[in-house]
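Structure data follow from query01.cif (mmCIF, C-alpha atoms and all ligand atoms):
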```cif
data_run
loop_
_atom_site.label_atom_id
_atom_site.label_comp_id
_atom_site.auth_asym_id
_atom_site.auth_seq_id
_atom_site.Cartn_x
_atom_site.Cartn_y
_atom_site.Cartn_z
CA MET A 1 5.62 -3.90 31.16
CA ALA A 2 8.12 -2.72 28.58
CA PHE A 3 6.67 -2.79 25.08
CA PRO A 4 7.49 -5.03 23.43
CA ASP A 5 8.01 -7.50 26.26
CA TRP A 6 11.29 -9.03 25.08
CA THR A 7 12.26 -12.18 26.99
CA GLU A 8 15.51 -14.11 27.46
CA GLU A 9 14.36 -16.49 24.72
CA HIS A 10 14.00 -13.55 22.34
CA ALA A 11 17.50 -12.38 23.30
CA ALA A 12 18.98 -15.84 22.68
CA PHE A 13 17.28 -16.02 19.29
CA ARG A 14 18.55 -12.53 18.40
CA ASP A 15 22.10 -13.60 19.30
CA ALA A 16 21.84 -16.65 17.05
CA VAL A 17 20.62 -14.58 14.09
CA ARG A 18 23.25 -11.93 14.75
CA ARG A 19 26.00 -14.56 14.64
CA PHE A 20 24.61 -15.93 11.36
CA VAL A 21 24.54 -12.44 9.83
CA ALA A 22 28.04 -11.60 11.08
CA LYS A 23 29.46 -14.82 9.62
CA GLU A 24 27.48 -15.36 6.44
CA ILE A 25 26.07 -12.04 5.19
CA ARG A 26 27.81 -8.88 6.37
CA PRO A 27 31.36 -9.83 5.23
CA ASN A 28 30.04 -10.74 1.77
CA ALA A 29 27.41 -8.05 1.27
CA GLU A 30 29.35 -5.63 -0.92
CA ARG A 31 30.86 -8.41 -3.04
CA TRP A 32 27.48 -10.05 -3.65
CA GLN A 33 26.02 -6.74 -4.75
CA ALA A 34 28.96 -6.10 -7.07
CA GLU A 35 28.68 -9.63 -8.49
CA GLY A 36 24.90 -9.30 -8.79
CA TYR A 37 24.05 -12.54 -6.97
CA PHE A 38 24.15 -14.09 -3.54
CA PRO A 39 24.94 -17.81 -3.46
CA ASP A 40 22.15 -20.38 -3.33
CA ASP A 41 23.83 -22.19 -0.44
CA LEU A 42 22.73 -19.39 1.88
CA PHE A 43 19.29 -21.03 1.88
CA PRO A 44 20.39 -24.38 3.40
CA LYS A 45 22.69 -22.53 5.79
CA ALA A 46 19.73 -20.46 7.06
CA GLY A 47 17.55 -23.58 7.02
CA ALA A 48 20.00 -25.53 9.17
CA LEU A 49 19.64 -22.87 11.88
CA GLY A 50 15.85 -23.02 11.70
CA LEU A 51 15.54 -19.50 10.28
CA LEU A 52 13.33 -20.39 7.31
CA GLY A 53 10.23 -21.53 9.13
CA ILE A 54 10.24 -20.00 12.54
CA ARG A 55 6.46 -19.56 12.79
CA PHE A 56 5.56 -22.82 11.05
CA ASP A 57 4.33 -25.95 12.81
CA PRO A 58 7.21 -28.10 14.21
CA LYS A 59 5.48 -31.05 12.53
CA TRP A 60 6.81 -29.67 9.21
CA GLY A 61 10.17 -28.63 10.59
CA GLY A 62 9.11 -25.16 11.71
CA GLY A 63 9.92 -23.44 14.99
CA GLY A 64 6.33 -22.98 16.21
CA LEU A 65 7.17 -19.42 17.35
CA ASP A 66 5.17 -16.20 17.08
CA PHE A 67 5.57 -13.06 15.01
CA TRP A 68 7.89 -11.38 17.51
CA TYR A 69 10.59 -13.83 16.43
CA THR A 70 10.02 -12.81 12.82
CA VAL A 71 10.45 -9.19 13.88
CA ILE A 72 13.82 -10.09 15.44
CA LEU A 73 14.87 -12.18 12.44
CA VAL A 74 14.13 -9.40 9.97
CA ASP A 75 15.69 -6.70 12.14
CA GLU A 76 18.96 -8.62 12.39
CA LEU A 77 19.05 -9.84 8.78
CA ALA A 78 18.71 -6.26 7.55
CA LYS A 79 21.82 -5.32 9.55
CA GLY A 80 23.74 -7.56 7.14
CA ARG A 81 23.49 -4.62 4.71
CA ASP A 82 22.54 -6.68 1.70
CA ILE A 83 18.82 -6.13 1.41
CA GLY A 84 18.68 -8.05 -1.88
CA CYS A 85 19.76 -11.20 -0.10
CA VAL A 86 17.37 -10.52 2.78
CA VAL A 87 14.50 -10.18 0.30
CA GLY A 88 15.47 -13.56 -1.21
CA LEU A 89 15.46 -15.25 2.21
CA LEU A 90 12.19 -13.65 3.27
CA VAL A 91 10.39 -14.59 0.08
CA GLN A 92 11.45 -18.13 0.92
CA CYS A 93 10.30 -18.20 4.52
CA GLU A 94 7.36 -15.79 4.46
CA MET A 95 5.89 -14.77 1.17
CA ALA A 96 5.96 -17.96 -0.90
CA THR A 97 5.51 -20.58 1.80
CA SER A 98 3.17 -19.15 4.46
CA VAL A 99 0.11 -19.85 2.27
CA ILE A 100 1.21 -23.48 1.73
CA HIS A 101 1.67 -23.83 5.48
CA ALA A 102 -1.71 -22.28 6.22
CA HIS A 103 -3.85 -23.83 3.49
CA GLY A 104 -1.98 -26.64 1.73
CA THR A 105 -2.72 -30.33 2.07
CA ASP A 106 -0.31 -32.47 4.09
CA GLU A 107 0.92 -33.95 0.81
CA LEU A 108 1.71 -30.47 -0.54
CA ARG A 109 3.41 -29.49 2.70
CA SER A 110 5.58 -32.61 2.68
CA GLU A 111 6.59 -32.14 -0.92
CA TRP A 112 7.24 -28.35 -1.01
CA LEU A 113 7.07 -26.76 2.44
CA VAL A 114 9.38 -29.15 4.29
CA PRO A 115 12.31 -28.82 1.82
CA ALA A 116 11.73 -25.05 1.66
CA ILE A 117 12.04 -24.81 5.45
CA ARG A 118 15.31 -26.76 5.19
CA GLY A 119 16.48 -24.47 2.39
CA GLU A 120 16.82 -27.40 0.04
CA ARG A 121 14.25 -26.08 -2.42
CA ILE A 122 14.04 -22.41 -3.29
CA ALA A 123 10.66 -20.71 -3.51
CA ALA A 124 9.24 -17.68 -5.31
CA LEU A 125 5.85 -15.98 -5.13
CA GLY A 126 4.27 -15.15 -8.50
CA VAL A 127 1.47 -12.61 -8.22
CA THR A 128 2.40 -9.49 -10.20
CA GLU A 129 1.78 -9.48 -13.96
CA PRO A 130 2.89 -7.11 -16.71
CA SER A 131 -0.65 -5.66 -16.78
CA GLY A 132 -0.48 -4.68 -13.09
CA GLY A 133 0.42 -5.65 -9.55
CA SER A 134 -1.78 -3.58 -7.25
CA ASP A 135 -5.06 -4.98 -8.52
CA VAL A 136 -4.49 -8.64 -7.66
CA ALA A 137 -8.13 -9.49 -8.39
CA ALA A 138 -7.50 -8.62 -12.05
CA ILE A 139 -4.71 -11.12 -12.76
CA ARG A 140 -4.92 -12.84 -16.16
CA THR A 141 -2.64 -15.89 -15.96
CA SER A 142 -5.08 -18.76 -16.33
CA ALA A 143 -5.15 -22.36 -15.09
CA LYS A 144 -7.69 -24.61 -16.78
CA VAL A 145 -8.53 -28.12 -15.66
CA GLU A 146 -7.65 -30.86 -18.15
CA GLY A 147 -8.01 -34.36 -16.72
CA ASP A 148 -5.90 -34.60 -13.58
CA ASP A 149 -3.94 -31.46 -14.40
CA TYR A 150 -4.17 -27.70 -14.49
CA VAL A 151 -2.81 -26.17 -17.68
CA ILE A 152 -1.28 -22.78 -16.96
CA ARG A 153 -0.92 -19.97 -19.52
CA GLY A 154 0.35 -16.46 -18.89
CA SER A 155 3.24 -14.51 -17.45
CA LYS A 156 4.49 -12.84 -14.30
CA ILE A 157 6.91 -9.98 -13.74
CA PHE A 158 9.17 -8.62 -10.98
CA ILE A 159 9.40 -12.04 -9.33
CA SER A 160 12.05 -12.21 -6.59
CA ASN A 161 14.05 -15.49 -6.59
CA GLY A 162 12.57 -15.88 -10.08
CA VAL A 163 15.78 -17.14 -11.69
CA ARG A 164 16.82 -19.61 -9.02
CA ALA A 165 13.46 -20.86 -7.73
CA ASP A 166 12.62 -24.58 -7.72
CA PHE A 167 8.94 -23.74 -7.42
CA VAL A 168 6.64 -20.76 -7.67
CA THR A 169 3.59 -20.26 -5.50
CA LEU A 170 1.51 -18.89 -8.30
CA ALA A 171 -1.65 -16.78 -8.41
CA VAL A 172 -3.80 -17.93 -11.32
CA ARG A 173 -7.30 -17.45 -12.64
CA THR A 174 -9.26 -20.67 -12.37
CA GLY A 175 -12.70 -19.07 -12.48
CA GLY A 176 -14.51 -16.00 -13.79
CA PRO A 177 -13.44 -12.36 -13.41
CA GLY A 178 -12.70 -10.73 -10.05
CA ALA A 179 -11.32 -11.91 -6.74
CA ASP A 180 -13.42 -15.08 -6.56
CA GLY A 181 -11.81 -16.42 -9.74
CA VAL A 182 -8.29 -16.39 -8.26
CA SER A 183 -6.55 -19.52 -6.94
CA LEU A 184 -3.06 -20.43 -5.80
CA ILE A 185 -1.11 -23.29 -7.34
CA VAL A 186 2.39 -24.61 -6.72
CA CYS A 187 4.22 -24.66 -10.04
CA PRO A 188 7.56 -26.53 -10.20
CA THR A 189 10.03 -24.67 -12.38
CA ASP A 190 11.23 -27.85 -14.11
CA ALA A 191 7.75 -28.33 -15.59
CA LYS A 192 7.61 -28.34 -19.40
CA GLY A 193 6.50 -24.97 -20.78
CA PHE A 194 7.88 -22.94 -17.87
CA SER A 195 10.62 -20.46 -18.74
CA VAL A 196 12.46 -17.57 -17.14
CA GLY A 197 12.53 -14.48 -19.34
CA ARG A 198 14.78 -11.54 -18.66
CA ARG A 199 16.58 -11.24 -15.37
CA LEU A 200 15.52 -7.64 -14.72
CA LYS A 201 18.18 -4.99 -14.11
CA LYS A 202 17.31 -3.03 -11.00
CA VAL A 203 18.75 0.21 -9.67
CA ASP A 204 19.33 -1.45 -6.29
CA LEU A 205 19.08 -4.84 -4.49
CA HIS A 206 21.56 -6.11 -7.05
CA SER A 207 22.26 -9.42 -5.35
CA SER A 208 18.64 -10.56 -5.68
CA ASP A 209 17.35 -12.09 -8.89
CA THR A 210 14.14 -10.49 -10.11
CA ALA A 211 12.67 -11.99 -13.23
CA GLU A 212 9.93 -12.30 -15.80
CA LEU A 213 8.35 -15.76 -15.81
CA PHE A 214 6.45 -17.37 -18.69
CA PHE A 215 3.94 -20.20 -18.54
CA ASP A 216 3.26 -21.74 -21.90
CA ASP A 217 0.71 -24.51 -21.37
CA VAL A 218 2.47 -25.71 -18.22
CA ARG A 219 0.81 -28.82 -16.81
CA VAL A 220 0.79 -29.27 -13.06
CA PRO A 221 -1.19 -31.92 -11.15
CA ARG A 222 -4.46 -30.74 -9.63
CA ARG A 223 -3.21 -31.82 -6.22
CA TYR A 224 -0.81 -28.82 -6.39
CA LEU A 225 -3.75 -26.47 -5.80
CA VAL A 226 -3.23 -24.60 -2.49
CA GLY A 227 -6.40 -24.79 -0.41
CA GLU A 228 -9.68 -24.33 -2.25
CA GLU A 229 -10.29 -23.10 -5.75
CA GLY A 230 -11.43 -19.47 -5.86
CA ARG A 231 -10.01 -18.58 -2.45
CA GLY A 232 -6.55 -17.56 -3.59
CA PHE A 233 -7.22 -13.84 -3.34
CA ARG A 234 -8.28 -14.18 0.30
CA TYR A 235 -5.22 -16.30 1.08
CA ILE A 236 -2.93 -13.72 -0.51
CA ALA A 237 -4.66 -10.82 1.26
CA ARG A 238 -4.14 -12.54 4.60
CA ALA A 239 -0.52 -13.44 3.85
CA PHE A 240 0.13 -9.82 2.81
CA GLN A 241 -0.36 -8.80 6.45
CA GLY A 242 2.78 -10.68 7.44
CA GLU A 243 4.62 -9.54 4.35
CA ARG A 244 3.87 -5.88 5.04
CA LEU A 245 4.90 -6.18 8.65
CA VAL A 246 8.14 -7.78 7.53
CA LEU A 247 8.72 -4.86 5.17
CA ALA A 248 7.98 -2.27 7.89
CA THR A 249 10.40 -4.04 10.24
CA MET A 250 13.08 -4.19 7.57
CA ILE A 251 12.67 -0.47 6.82
CA ASN A 252 12.95 0.45 10.50
CA SER A 253 16.08 -1.65 10.80
CA VAL A 254 17.74 0.02 7.80
CA CYS A 255 16.70 3.45 9.16
CA ARG A 256 18.18 2.68 12.59
CA ASP A 257 21.44 1.49 11.02
CA VAL A 258 21.77 4.55 8.79
CA LEU A 259 20.76 7.00 11.50
CA ASP A 260 23.18 5.58 14.10
CA GLU A 261 26.01 5.77 11.59
CA THR A 262 25.08 9.33 10.66
CA LEU A 263 24.93 10.50 14.28
CA ALA A 264 28.44 9.13 14.86
CA TYR A 265 29.65 10.75 11.63
CA LEU A 266 28.27 14.17 12.60
CA VAL A 267 30.12 14.07 15.92
CA GLU A 268 33.43 13.27 14.20
CA ARG A 269 33.12 15.50 11.14
CA LYS A 270 34.21 19.12 11.52
CA ALA A 271 33.50 22.28 9.50
CA PHE A 272 34.36 25.88 10.34
CA GLY A 273 36.33 24.62 13.34
CA ARG A 274 33.52 22.75 15.07
CA SER A 275 31.72 19.46 14.80
CA ILE A 276 28.70 19.31 12.52
CA ALA A 277 26.83 17.75 15.46
CA SER A 278 27.12 21.06 17.30
CA MET A 279 25.24 22.94 14.57
CA GLN A 280 21.63 23.55 15.45
CA VAL A 281 20.23 22.85 12.02
CA TRP A 282 21.65 19.32 12.10
CA ARG A 283 20.82 18.76 15.76
CA HIS A 284 17.19 19.59 15.07
CA ARG A 285 16.97 17.60 11.88
CA MET A 286 18.46 14.56 13.60
CA ALA A 287 16.14 15.05 16.61
CA ASP A 288 13.16 14.96 14.23
CA LEU A 289 14.42 11.79 12.56
CA MET A 290 15.14 10.08 15.91
CA THR A 291 11.60 10.92 17.03
CA GLU A 292 9.98 9.73 13.82
CA LEU A 293 11.96 6.51 13.79
CA GLU A 294 10.89 5.72 17.32
CA ALA A 295 7.28 6.42 16.30
CA SER A 296 7.69 4.10 13.32
CA GLU A 297 9.14 1.31 15.46
CA LEU A 298 6.31 1.61 17.98
CA LEU A 299 3.70 1.58 15.23
CA THR A 300 5.30 -1.58 13.84
CA TYR A 301 5.36 -3.20 17.29
CA LYS A 302 1.69 -2.32 17.76
CA ALA A 303 0.92 -3.93 14.40
CA ALA A 304 2.89 -7.05 15.41
CA ASP A 305 0.95 -7.15 18.67
CA ASP A 306 -2.36 -6.85 16.81
CA LEU A 307 -1.33 -9.52 14.30
CA CYS A 308 -0.23 -11.94 17.05
CA ALA A 309 -3.53 -11.36 18.88
CA GLN A 310 -5.45 -11.62 15.59
CA ALA A 311 -7.13 -8.35 16.56
CA PRO A 312 -9.93 -7.18 14.23
CA GLY A 313 -8.04 -3.98 13.35
CA ALA A 314 -4.77 -5.77 12.54
CA GLU A 315 -5.01 -5.09 8.80
CA VAL A 316 -5.25 -1.35 9.44
CA SER A 317 -2.40 -1.39 12.00
CA VAL A 318 -0.17 -3.28 9.59
CA SER A 319 -1.00 -0.94 6.70
CA MET A 320 -0.28 2.10 8.89
CA ALA A 321 3.05 0.63 9.98
CA LYS A 322 4.09 -0.12 6.39
CA LEU A 323 2.89 3.28 5.13
CA TYR A 324 4.59 5.26 7.87
CA ALA A 325 7.89 3.39 7.60
CA ALA A 326 7.99 3.63 3.80
CA GLU A 327 7.39 7.39 3.89
CA LEU A 328 9.90 7.90 6.70
CA ILE A 329 12.80 6.10 5.04
CA ARG A 330 12.75 8.43 2.04
CA ARG A 331 13.27 11.51 4.22
CA LEU A 332 15.61 9.81 6.65
CA VAL A 333 17.99 8.32 4.12
CA LEU A 334 18.14 11.46 1.96
CA ASP A 335 18.70 13.71 4.99
CA CYS A 336 21.41 11.38 6.30
CA ALA A 337 23.09 11.29 2.88
CA GLN A 338 23.01 15.11 2.80
CA ALA A 339 24.59 15.17 6.27
CA HIS A 340 27.51 13.16 4.86
CA GLY A 341 28.26 15.82 2.22
CA GLY A 342 30.10 14.34 -0.79
CA TYR A 343 30.63 11.06 1.03
CA GLY A 344 26.88 10.58 0.96
CA PHE A 345 27.26 10.07 -2.79
CA MET A 346 30.10 7.55 -2.62
CA GLU A 347 29.44 3.86 -3.20
CA GLU A 348 31.50 2.80 -0.18
CA TYR A 349 29.10 4.58 2.18
CA TYR A 350 26.06 2.55 3.19
CA VAL A 351 23.88 5.64 3.34
CA ALA A 352 24.65 6.39 -0.32
CA ARG A 353 23.76 2.84 -1.37
CA CYS A 354 20.51 3.06 0.60
CA ALA A 355 19.62 6.36 -1.07
CA ARG A 356 19.80 4.76 -4.50
CA GLY A 357 16.91 2.37 -3.91
CA VAL A 358 14.90 4.32 -1.38
CA GLN A 359 11.81 4.70 -3.55
CA ASN A 360 11.30 0.94 -3.78
CA TRP A 361 10.21 0.64 -0.15
CA GLY A 362 6.94 2.31 -1.06
CA VAL A 363 6.22 -0.27 -3.78
CA GLY A 364 6.87 -3.84 -2.58
CA ALA A 365 4.13 -5.77 -0.72
CA GLY A 366 1.55 -3.13 -1.64
CA THR A 367 2.28 0.47 -2.56
CA THR A 368 1.84 3.40 -0.19
CA GLU A 369 -1.27 4.40 -2.17
CA ILE A 370 -2.77 0.96 -1.60
CA MET A 371 -1.91 1.21 2.13
CA ARG A 372 -3.83 4.51 2.26
CA GLU A 373 -6.75 2.92 0.41
CA ILE A 374 -6.89 0.09 2.99
CA ILE A 375 -6.70 2.47 5.97
CA ALA A 376 -9.27 4.90 4.60
CA GLY A 377 -11.46 2.10 3.31
CA ARG A 378 -11.69 0.37 6.68
CA ARG A 379 -11.74 3.37 8.98
CA MET A 380 -13.81 5.83 6.94
CA THR A 381 -16.39 3.21 6.06
CA ALA A 382 -16.56 2.28 9.74
CA ALA A 383 -17.10 5.96 10.55
CA GLY A 384 -19.98 6.03 8.10
CA THR A 385 -18.39 8.46 5.64
C1 LIG A 401 12.28 -5.31 -6.35
C2 LIG A 401 10.90 -5.82 -6.49
C3 LIG A 401 10.61 -7.13 -6.12
C4 LIG A 401 9.31 -7.63 -6.29
N1 LIG A 401 9.06 -8.93 -5.95
C5 LIG A 401 7.85 -9.47 -6.25
C6 LIG A 401 7.59 -10.86 -6.05
O1 LIG A 401 8.45 -11.60 -5.56
N2 LIG A 401 6.37 -11.36 -6.39
C7 LIG A 401 5.39 -10.57 -6.92
O2 LIG A 401 4.31 -11.07 -7.21
N3 LIG A 401 5.60 -9.22 -7.12
C8 LIG A 401 6.80 -8.68 -6.81
N4 LIG A 401 7.02 -7.33 -7.02
C9 LIG A 401 5.97 -6.52 -7.61
C10 LIG A 401 5.31 -5.52 -6.65
O3 LIG A 401 4.52 -6.21 -5.73
C11 LIG A 401 4.50 -4.56 -7.56
O4 LIG A 401 5.44 -3.76 -8.25
C12 LIG A 401 3.54 -3.71 -6.78
O5 LIG A 401 2.50 -4.49 -6.23
C13 LIG A 401 2.90 -2.62 -7.66
O6 LIG A 401 2.41 -3.15 -8.86
P1 LIG A 401 2.81 -2.45 -10.25
O7 LIG A 401 4.30 -2.27 -10.26
O8 LIG A 401 2.20 -3.23 -11.36
O9 LIG A 401 2.16 -1.01 -10.18
P2 LIG A 401 0.66 -0.64 -10.57
O10 LIG A 401 -0.28 -1.53 -9.88
O11 LIG A 401 0.56 -0.51 -12.05
O12 LIG A 401 0.54 0.81 -9.93
C14 LIG A 401 1.14 1.98 -10.53
C15 LIG A 401 0.88 3.18 -9.59
O13 LIG A 401 -0.54 3.37 -9.46
C16 LIG A 401 -0.87 3.38 -8.10
N5 LIG A 401 -2.20 2.79 -7.87
C17 LIG A 401 -2.66 1.58 -8.26
N6 LIG A 401 -3.91 1.38 -7.83
C18 LIG A 401 -4.26 2.49 -7.12
C19 LIG A 401 -5.43 2.92 -6.41
N7 LIG A 401 -6.52 2.14 -6.29
N8 LIG A 401 -5.43 4.15 -5.84
C20 LIG A 401 -4.35 4.96 -5.93
N9 LIG A 401 -3.20 4.62 -6.58
C21 LIG A 401 -3.16 3.41 -7.16
C22 LIG A 401 0.20 2.54 -7.39
O14 LIG A 401 0.28 2.87 -6.03
C23 LIG A 401 1.44 2.96 -8.19
O15 LIG A 401 1.94 4.16 -7.68
C24 LIG A 401 8.29 -6.79 -6.82
C25 LIG A 401 8.59 -5.48 -7.19
C26 LIG A 401 9.87 -4.99 -7.03
C27 LIG A 401 10.16 -3.57 -7.46
#
```
Please go through the file and, once you have read it, give me the structure as structure tokens.
Amino acid sequence: MAFPDWTEEHAAFRDAVRRFVAKEIRPNAERWQAEGYFPDDLFPKAGALGLLGIRFDPKWGGGGLDFWYTVILVDELAKGRDIGCVVGLLVQCEMATSVIHAHGTDELRSEWLVPAIRGERIAALGVTEPSGGSDVAAIRTSAKVEGDDYVIRGSKIFISNGVRADFVTLAVRTGGPGADGVSLIVCPTDAKGFSVGRRLKKVDLHSSDTAELFFDDVRVPRRYLVGEEGRGFRYIARAFQGERLVLATMINSVCRDVLDETLAYLVERKAFGRSIASMQVWRHRMADLMTELEASELLTYKAADDLCAQAPGAEVSVSMAKLYAAELIRRLVLDCAQAHGGYGFMEEYYVARCARGVQNWGVGAGTTEIMREIIAGRRMTAAGT
């Protein structure tokens, strides 16, 4: 059996996503980045094709499919060459809504998940705070019960879709210190006391809006609690598996795109009367990158397989896939930019644009250091060290 075991259904789904990307994203990518925003109507367009809830229960408008379809979706979206816009879409369909799907009440799902799947309401995930993002158990934004409401006080930073969101799936402290005091609450952004601070200026992903959010005694009904009080940390930790796999897939896709383009460039480009592709130093460097990218893809597929099977070691597989891909893309993109000579520094070349933001892949959805902590923590403890 070929691994992964792609079927005709997978191929048909890939074709549909590819057509969407070719029509809606790729022709606009450079303009959206220059303008610093992608249009909100991309959400309902993606929703109409069923791309914003492919793994969710059909009862809520989802596709009822497995993670392999997410792998295909992400792989193709990334080929649109506007990663900022892809991040916005994936926050919508993965990061901010998967916990509502998994743990929310039916009432919460009807009110927030269903319109999010249709792309009619835009979602953000609010976990990171100015005091830190890696240590989720230490968040400070509080939600205190007053009558039928929670009253939320605090702030969040680096929140994707933060400017345009209609609601934020928000990590808050409802109990004492540590992981057991963390809960998740849906916070509508038209609630009194909610405000968007600065729209943060990033060195890359310009079309996505990344913002500071402030909560100044924001009242939300208690029924907006996601799942049980005090279980938010566990919900986030579980959802991070999917998020990290999405990131690893996106990285591999960008790497494949950049590498393919570079290989073609090296064949065409000549120096000292011969093609650069004939020079051993570049042949070997490209051979190494081709090998490492294939290893990264297979590691990501293994993690997807483990996640679909809910294998006990899935968390480690996913962390390894994210770690490996995030480390690979730094070398790959910088080597490919170098192979382009001066063109590798020109805005019009995709490889140059990728090089600008390459460090960010090791930060989002858990840094590479946190990935190493998870891998070592699980495996070395298991080995009794
Ligand atoms: C473009 C972008 C979009 C984002 N979107 C969102 C979003 O939508 N929602 C959201 O909630 N967050 C979002 N984030 C935030 C992101 O998740 C955090 O930046 C990330 O989790 C790291 O947190 P931090 O920046 O506070 O770094 P810190 O946690 O302060 O870490 C600083 C450094 O210390 C290292 N470190 C921390 N703990 C350890 C340890 N135990 N061992 C070794 N090293 C350690 C880290 O690896 C890092 O190198 C986004 C960030 C970016 C850049």
Residues of chain A within 6 Å of ligand LIG 401 (chain A): nearest atom pair and distance (Å, one decimal) for each, counting only C-alpha atoms and all ligand atoms, sorted by chain and number, as CSV?
```
residue,atom,partner,partner_atom,distance
A:Leu125,CA,A:LIG401,N2,4.8
A:Gly126,CA,A:LIG401,O2,4.3
A:Val127,CA,A:LIG401,O2,3.4
A:Thr128,CA,A:LIG401,O2,3.9
A:Gly132,CA,A:LIG401,O8,3.5
A:Gly133,CA,A:LIG401,O6,3.3
A:Ser134,CA,A:LIG401,O10,3.7
A:Phe158,CA,A:LIG401,C24,4.6
A:Ile159,CA,A:LIG401,O1,3.9
A:Ser160,CA,A:LIG401,O1,3.8
A:Asn360,CA,A:LIG401,C27,5.9
A:Val363,CA,A:LIG401,C12,5.3
A:Gly364,CA,A:LIG401,O3,4.6
A:Ala365,CA,A:LIG401,O3,5.0
A:Gly366,CA,A:LIG401,O5,4.9
A:Thr367,CA,A:LIG401,O14,4.7
A:Glu369,CA,A:LIG401,O14,4.4
A:Ile370,CA,A:LIG401,O14,5.7
```
For the selection just defined, write its residues with C-alpha atoms to a file, as a PDB file, in the coordinates of the input.
```pdb
ATOM      1  CA  LEU A 125       5.850 -15.980  -5.130  1.00  0.00           C
ATOM      2  CA  GLY A 126       4.270 -15.150  -8.500  1.00  0.00           C
ATOM      3  CA  VAL A 127       1.470 -12.610  -8.220  1.00  0.00           C
ATOM      4  CA  THR A 128       2.400  -9.490 -10.200  1.00  0.00           C
ATOM      5  CA  GLY A 132      -0.480  -4.680 -13.090  1.00  0.00           C
ATOM      6  CA  GLY A 133       0.420  -5.650  -9.550  1.00  0.00           C
ATOM      7  CA  SER A 134      -1.780  -3.580  -7.250  1.00  0.00           C
ATOM      8  CA  PHE A 158       9.170  -8.620 -10.980  1.00  0.00           C
ATOM      9  CA  ILE A 159       9.400 -12.040  -9.330  1.00  0.00           C
ATOM     10  CA  SER A 160      12.050 -12.210  -6.590  1.00  0.00           C
ATOM     11  CA  ASN A 360      11.300   0.940  -3.780  1.00  0.00           C
ATOM     12  CA  VAL A 363       6.220  -0.270  -3.780  1.00  0.00           C
ATOM     13  CA  GLY A 364       6.870  -3.840  -2.580  1.00  0.00           C
ATOM     14  CA  ALA A 365       4.130  -5.770  -0.720  1.00  0.00           C
ATOM     15  CA  GLY A 366       1.550  -3.130  -1.640  1.00  0.00           C
ATOM     16  CA  THR A 367       2.280   0.470  -2.560  1.00  0.00           C
ATOM     17  CA  GLU A 369      -1.270   4.400  -2.170  1.00  0.00           C
ATOM     18  CA  ILE A 370      -2.770   0.960  -1.600  1.00  0.00           C
TER      19      ILE A 370
END
```
**Study point:** Nearest-residue call for Val17 (chain A), choices A:Thr70, A:Thr105, A:Gln33, A:Gln280, using only C-alpha atoms
**Key:**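 For Val17 (chain A), the nearest of the given residues is A:Thr70.
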**Study point:** Spatial neighbours of region 80-90 of chain A, max dist 6 Å, all atoms listed in the file, sep filter under 6 positions, as a ChimeraX atom specification
**Key:** /A:21,25-26,29,161,205,207-208
Write to file, as an mmCIF file, in the frame of the given file, the residues of the selection just made, with C-alpha atoms.
```cif
data_model
loop_
_atom_site.group_PDB
_atom_site.id
_atom_site.type_symbol
_atom_site.label_atom_id
_atom_site.label_comp_id
_atom_site.auth_asym_id
_atom_site.auth_seq_id
_atom_site.Cartn_x
_atom_site.Cartn_y
_atom_site.Cartn_z
ATOM 1 C CA VAL A 21 24.540 -12.440 9.830
ATOM 2 C CA ILE A 25 26.070 -12.040 5.190
ATOM 3 C CA ARG A 26 27.810 -8.880 6.370
ATOM 4 C CA ALA A 29 27.410 -8.050 1.270
ATOM 5 C CA ASN A 161 14.050 -15.490 -6.590
ATOM 6 C CA LEU A 205 19.080 -4.840 -4.490
ATOM 7 C CA SER A 207 22.260 -9.420 -5.350
ATOM 8 C CA SER A 208 18.640 -10.560 -5.680
#
```
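Counting all atoms listed in the file and comparing A:Lys144, A:Arg199, A:Arg18, A:Lys302, the residue that lies closest to Val74 (chain A) is A:Arg18.
Comparing the minimum interatomic distances between Ala325 (chain A) and each of A:Glu94, A:Asp40, A:Glu261, A:Glu292, counting all atoms listed in the file, we find that A:Glu292 sits nearest.
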**Study point:** region 110-114 of chain A surroundings by all atoms listed in the file, 8 Å radius, close-in-sequence under 4 positions cut, as an NGL selection string
**Key:** :A and (60-61 or 97 or 100-101 or 106 or 118 or 121)
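One finds CA of Trp282 (chain A) at 9.7 Å from CA of Leu263 (chain A).
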Practice item. Skip Arg219 (chain A) itself and residues of its chain fewer than 3 positions away, then list as JSON, numbers by chain all residues within 6 Å of it, counting all atoms listed in the file. Key: {"A": [149, 150, 151]}
Quick one: axis-aligned box around all listed atoms of region 243-249 of chain A, 5 Å on every side, centre and edge lengths in Å to one decimal, written as JSON.
```
{"center_x": 7.1, "center_y": -5.9, "center_z": 7.3, "size_x": 16.5, "size_y": 17.3, "size_z": 15.9}
```
Check your understanding: Mind pulling up the distance from CA of Thr174 (chain A) to CA of Glu229 (chain A)?
Key ->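 Computing the Euclidean distance for CA of Glu229 (chain A) and CA of Thr174 (chain A) yields 7.1 Å.
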Point to revise | Long-range neighbours of Glu297 (chain A) as a list in words, 10 Å cut-off, only C-alpha atoms, 4 positions minimum in chain | key: Ala248, Thr249, Ile251, Asn252, Ser253, Arg256, Glu292, Leu293, Tyr301, Lys302, Ala303, Ala321, Tyr324 and Ala325 of chain A
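Nearest to Val136 (chain A) of all the residues A:Val71, A:Ile236, A:Ile185, A:Ala34 is A:Ile236, based on only C-alpha atoms.
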